[in-house]
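Student: Quick one: this structure, given as structure tokens, is what I'll be asking you about.
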Amino acid sequence: MPYTCIFPGCPKKVGDLGHGRRKVSFFRLPRADASELKKWCDILSLDMNNLSAANTERVCSEHFNPDDILVHNNKNSLVIGAVPIWFSKSATTHSQIDEYSKKRTAEISEAVSSAIEKVVADTATQQQKLLSDAKERANAIEDEYKQRLQERLAQLDADKAILLAELERSLNERQETILGKARQDIDLIQNAANEKKMAVFKEAQVRANQQVDQITEKVAELVAEDAQRRLQSTTQTIITTKSIATGENHQSSANHASNATTTTSKTSESH
């Protein structure tokens with residue numbers, strides 16, 4: 001958009017040349033700073049309340065002290081506090097330039113000091129707000145952390161209860177397995193002991209039967225021997241008895257014979 005300088009009596013427009021045969025630059029009004037805008041409007045005889053909504057007002061570089069213009073990357077900008085100025089026809093003299101430079105330097109220094117104070121005040125306010133926000137955020141984080149910690153503890157308690165229940169069930173199963181194995185081992189030991197006892201009992205019974213057989217045989221032998229002795233004794237007794245009986249018979253016969261002889265003798269004598 002082709003701009004035209006709004007400085008009173010200045011016909012410069014985009015593309016025109018200024019002092020030093022250089023193209024003039026155009027600068028916007030400082031609408032962001034009300035005090036600076038008022039200075040510009042007073043110099044340019046403008047009404048602050050009647051500026052264009054499109055912000056089309058421009059002032060060319062011919063109305064600024066060269067020290068107020070900064071050049072960076074082929075783009076021109078104004079230093080803080082720069083305002084348009086009226087140059088007289090003899091404004092190019094060294095004394096006027098020096099006086100203007102001193103005045104502008106003082107104004108710039110004052111503007112810089114004010115700007116620095118404003119920056120410091122704004123920084124302090126921002127720092128205070130930052131601390132307040134940080135404290136509020138820290139409290140919110142603390143509350144959130146406590147809430148999450150409580151939820152996590154509750155979850156951990158629930159997980160712990162599940163793990164303990166699983167552990168108890170596992171221990172019961174292992175204990176039942178151990179007890180079952182122990183019962184099986186005890187049954188095996190008892191069965192083995194019973195088998196050994198039965199074997200010992202059978203062996204003892206066999207030995208007892210053998211001893212009974214031996215005793216029976218011994219008794220039979222003793223009975224046989226006793227019977228043999230009894231038989232021999234009985235036979236001897238019978239023989240002895242018979243012998244005695246035979247002797248008695250012979251004695252009786254002898255006695256009868258003697259008695260008969262005696263009787264005969266007596267008879268003979270009587271005769």
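To be explicit about the labels: the chains of the structure tokens are called A, B, and onward in the order shown, and within each one the residues are counted from 1, while ligands get numbers from 1 in the order they are shown.
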For range 1-91 of chain A against range 106-120 of chain A, with a cut-off of 8 Å and counting only C-alpha atoms, what is the closest atom pair and its distance in Å to one decimal for every residue that makes the cut, ordered by chain and number, as a tab-separated table?

Tutor:
```
residue	atom	partner	partner_atom	distance
A:Ile80	CA	A:Ala111	CA	7.0
A:Gly81	CA	A:Ala111	CA	5.7
A:Ala82	CA	A:Ile108	CA	7.4
```

Student: Counting only C-alpha atoms, which residue out of A:Asn50, A:Thr56, A:Ser61, A:Gln211 sits closest to Cys10 in chain A?

Tutor: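 Among the listed residues, the smallest separation from Cys10 in chain A belongs to A:Ser61.
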
Student: Considering only C-alpha atoms, state which residue in the set A:His63, A:Lys218, A:Arg230, A:Arg22 is at the smallest distance from Gly9 in chain A.

Tutor: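 Residue with the minimum atom-to-atom distance to Gly9 in chain A: A:His63.
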
Student: Can you check which residues of range 45-257 of chain A DSSP gives as helix (DSSP H, G or I) on the backbone and send them as a ChimeraX atom specification?

Tutor: /A:48-50,61-63,66-68,94-257

Student: Taking the DSSP secondary structure from the backbone, can you list the residues of range 9-242 of chain A that are strand (DSSP E), as a ChimeraX atom specification?

Tutor: /A:26-28,58-60,69-72,75-78

Student: For those residues, write C-alpha atoms to a file as a compact mmCIF listing (two decimals), in the first residue's frame.

Tutor:
```
# COMPACT_ATOMS: atom_id res chain seq x y z
CA PHE A 26 7.92 5.20 7.11
CA PHE A 27 7.00 4.55 10.76
CA ARG A 28 3.67 3.83 12.45
CA ARG A 58 2.80 7.02 8.71
CA VAL A 59 5.62 9.51 9.36
CA CYS A 60 8.68 9.43 7.11
CA ILE A 69 16.72 5.35 13.64
CA LEU A 70 18.09 1.82 14.03
CA VAL A 71 18.99 -0.35 11.04
CA HIS A 72 18.87 -4.14 11.36
CA LYS A 75 14.98 -2.79 8.13
CA ASN A 76 14.61 0.52 9.94
CA SER A 77 13.06 0.96 13.39
CA LEU A 78 12.91 3.71 16.01
```

Student: Kindly indicate which residue among A:Cys41, A:Ala53, A:Ile85, A:Ala158 lies nearest to Asp68 in chain A, using only C-alpha atoms for the distances.

Tutor: A:Ile85

Student: By how many Å are CA of Ile43 in chain A and CA of Asp122 in chain A apart?

Tutor: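 Atom-to-atom, CA of Ile43 in chain A and CA of Asp122 in chain A are spaced 29.6 Å apart.
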
Student: Work out how far apart CA of Glu57 in chain A and CA of Ile6 in chain A are and give it in Å to one decimal.

Tutor: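 Atom-to-atom, CA of Glu57 in chain A and CA of Ile6 in chain A are spaced 6.6 Å apart.
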
Student: Between CA of Lys39 in chain A and CA of Val79 in chain A, measure the distance and give it in Å to one decimal.

Tutor: 15.0 Å
